[in-house]
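I have placed the structure first, in the form of structure tokens, so that the comments after it can refer back to it.
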Amino acid sequence: MSPHKKLHLRAMAKFYEKFYNAFLKLNFLFLITSGKGVDQFITSDNPVILFGFEKLNGKFYNFKTIYFPFSPSIALLLNDKCLGIKNINKQKTELFNSTTIKQSDQYLISNSRKLLLNIKLITKSYDQEKIKKMISEIL
């Protein structure tokens with residue numbers, strides 16, 4: 001193995017070790033919606049959303065909150081504050097969905113045709129400050 005490749009592998013191992021240690025400090029909070037009609041989570045080809053991150057040493061991000069939709073009615077919010085299960089309303093679900101839409105590369109996924117047809121309307125609700133406030137209220 002070339003010295004360059006060994007150096008690269010060592011750097012990657014350090015990165016993943018830091019990420020793993022940061023990940024272990026997070027709590028699991030399950031977000032629940034009714035999962036009916038337009039009150040459901042959508043997902044995309046880029047489903048994991050990172051909130052409240054900070055750069056460390058110019059290379060690593062220390063994530064405060066990670067959002068991942070599991071199903072139309074369940075999403076996971078990994079965070080550094082609380083754990084458990086929390087029901088959220090349609091407006092909060094829409095804010096999470098607007099973030100998913102903004103972060104998607106090409107594909108959005110939902111079992112609700114009506115929800116997918118309203119993508120432009122949902123995207124208009126995207127507001128980074130509202131999303132930060134909502135997450136702090138949830139936590």
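Starting from 1 in every chain, residues are counted up; chains themselves are A, B, ... following the order of the structure tokens, and ligands are numbered from 1 as listed.
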Please list as a PyMOL selection string every residue within 7 Å of Phe30 (chain A), counting only C-alpha atoms and excluding residues in the same chain fewer than 5 positions away.
chain A and resi 74-77+84-86
Based on the backbone DSSP call, show me all residues of region 20-136 of chain A assigned helix (DSSP H, G or I), as JSON, numbers by chain.
{"A": [20, 21, 22, 23, 24, 90, 91, 92, 93, 94, 95, 96, 97, 98, 99, 100, 101, 102, 103, 113, 114, 115, 116, 117, 119, 120, 121, 122, 123, 124, 128, 129, 130, 131, 132, 133, 134, 135, 136]}
With N, CA and C atoms retained, write the just-selected residues as a short mmCIF file (atom, residue, chain, number, x, y, z; two decimals), in the first residue's frame.
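Output (result04.cif):
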```cif
data_model
loop_
_atom_site.label_atom_id
_atom_site.label_comp_id
_atom_site.auth_asym_id
_atom_site.auth_seq_id
_atom_site.Cartn_x
_atom_site.Cartn_y
_atom_site.Cartn_z
N TYR A 20 -18.32 8.86 15.36
CA TYR A 20 -18.90 7.81 16.20
C TYR A 20 -19.04 8.29 17.64
N ASN A 21 -18.01 8.93 18.18
CA ASN A 21 -18.06 9.43 19.56
C ASN A 21 -19.12 10.52 19.71
N ALA A 22 -19.26 11.42 18.72
CA ALA A 22 -20.29 12.45 18.77
C ALA A 22 -21.67 11.81 18.69
N PHE A 23 -21.82 10.80 17.83
CA PHE A 23 -23.09 10.11 17.64
C PHE A 23 -23.53 9.42 18.93
N LEU A 24 -22.60 8.83 19.68
CA LEU A 24 -22.93 8.12 20.92
C LEU A 24 -23.50 9.04 21.99
N LYS A 90 -49.47 19.07 12.31
CA LYS A 90 -49.31 19.15 10.86
C LYS A 90 -48.33 20.27 10.46
N GLN A 91 -48.37 21.41 11.16
CA GLN A 91 -47.50 22.53 10.82
C GLN A 91 -46.03 22.17 11.04
N LYS A 92 -45.73 21.46 12.11
CA LYS A 92 -44.35 21.05 12.38
C LYS A 92 -43.91 19.99 11.37
N THR A 93 -44.80 19.08 11.04
CA THR A 93 -44.50 18.07 10.02
C THR A 93 -44.17 18.76 8.70
N GLU A 94 -44.94 19.78 8.37
CA GLU A 94 -44.72 20.52 7.12
C GLU A 94 -43.36 21.22 7.12
N LEU A 95 -42.95 21.75 8.26
CA LEU A 95 -41.63 22.39 8.34
C LEU A 95 -40.50 21.37 8.12
N PHE A 96 -40.63 20.20 8.75
CA PHE A 96 -39.63 19.16 8.51
C PHE A 96 -39.63 18.76 7.03
N ASN A 97 -40.83 18.62 6.45
CA ASN A 97 -40.93 18.24 5.04
C ASN A 97 -40.31 19.30 4.14
N SER A 98 -40.48 20.57 4.48
CA SER A 98 -39.90 21.63 3.65
C SER A 98 -38.38 21.53 3.66
N THR A 99 -37.81 21.12 4.78
CA THR A 99 -36.36 20.94 4.87
C THR A 99 -35.92 19.73 4.04
N THR A 100 -36.70 18.66 4.09
CA THR A 100 -36.40 17.47 3.29
C THR A 100 -36.42 17.83 1.80
N ILE A 101 -37.40 18.62 1.40
CA ILE A 101 -37.51 19.04 0.00
C ILE A 101 -36.29 19.85 -0.41
N LYS A 102 -35.91 20.80 0.43
CA LYS A 102 -34.76 21.66 0.12
C LYS A 102 -33.47 20.85 0.01
N GLN A 103 -33.34 19.80 0.80
CA GLN A 103 -32.11 19.02 0.82
C GLN A 103 -32.08 17.90 -0.22
N ARG A 113 -50.10 10.94 -2.88
CA ARG A 113 -50.03 11.70 -4.14
C ARG A 113 -50.35 13.17 -3.89
N LYS A 114 -51.33 13.42 -3.04
CA LYS A 114 -51.74 14.80 -2.73
C LYS A 114 -50.58 15.58 -2.11
N LEU A 115 -49.85 14.95 -1.22
CA LEU A 115 -48.70 15.60 -0.59
C LEU A 115 -47.64 15.94 -1.63
N LEU A 116 -47.35 15.01 -2.52
CA LEU A 116 -46.35 15.27 -3.56
C LEU A 116 -46.80 16.35 -4.54
N LEU A 117 -48.10 16.44 -4.80
CA LEU A 117 -48.61 17.49 -5.69
C LEU A 117 -48.53 18.87 -5.04
N ILE A 119 -45.94 20.03 -3.32
CA ILE A 119 -44.53 20.29 -3.01
C ILE A 119 -44.21 21.79 -3.08
N LYS A 120 -44.68 22.48 -4.10
CA LYS A 120 -44.38 23.92 -4.22
C LYS A 120 -44.93 24.69 -3.04
N LEU A 121 -46.12 24.33 -2.61
CA LEU A 121 -46.73 25.01 -1.46
C LEU A 121 -45.94 24.74 -0.18
N ILE A 122 -45.53 23.49 0.01
CA ILE A 122 -44.75 23.12 1.20
C ILE A 122 -43.41 23.83 1.18
N THR A 123 -42.79 23.91 0.01
CA THR A 123 -41.48 24.56 -0.10
C THR A 123 -41.56 26.02 0.31
N LYS A 124 -42.67 26.67 0.05
CA LYS A 124 -42.84 28.07 0.45
C LYS A 124 -42.80 28.24 1.96
N GLN A 128 -35.68 28.85 7.68
CA GLN A 128 -34.65 28.29 8.55
C GLN A 128 -34.82 28.74 10.00
N GLU A 129 -35.19 29.99 10.21
CA GLU A 129 -35.36 30.48 11.59
C GLU A 129 -36.55 29.81 12.26
N LYS A 130 -37.66 29.62 11.52
CA LYS A 130 -38.82 28.91 12.08
C LYS A 130 -38.45 27.47 12.44
N ILE A 131 -37.65 26.85 11.60
CA ILE A 131 -37.24 25.46 11.84
C ILE A 131 -36.37 25.37 13.08
N LYS A 132 -35.42 26.30 13.24
CA LYS A 132 -34.58 26.31 14.45
C LYS A 132 -35.44 26.50 15.70
N LYS A 133 -36.40 27.44 15.62
CA LYS A 133 -37.29 27.69 16.77
C LYS A 133 -38.13 26.46 17.07
N MET A 134 -38.67 25.82 16.04
CA MET A 134 -39.49 24.64 16.23
C MET A 134 -38.69 23.53 16.90
N ILE A 135 -37.48 23.29 16.45
CA ILE A 135 -36.67 22.23 17.03
C ILE A 135 -36.38 22.53 18.50
N SER A 136 -36.08 23.79 18.83
CA SER A 136 -35.84 24.12 20.24
C SER A 136 -37.10 23.95 21.07
#
```
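Among the candidates A:Pro3, A:Thr65, A:Asp45, A:Asn27, the one nearest to Leu83 (chain A) when counting only C-alpha atoms is A:Asn27.
In this structure, CA of Leu50 (chain A) sits 28.0 Å away from CA of Leu7 (chain A).
Each of A:Leu9, A:Ile109, A:His4, A:Ser104 was compared to Ile49 (chain A) using only C-alpha atoms, and A:Ser104 turns out to be the nearest.
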Identify all residues of region 9-137 of chain A in strand (DSSP E or B) (DSSP on the backbone) and supply them as a PyMOL selection string.
chain A and resi 27-32+36+39+43-44+49-51+54-56+60-62+65-69+74-79+84-87+108-109
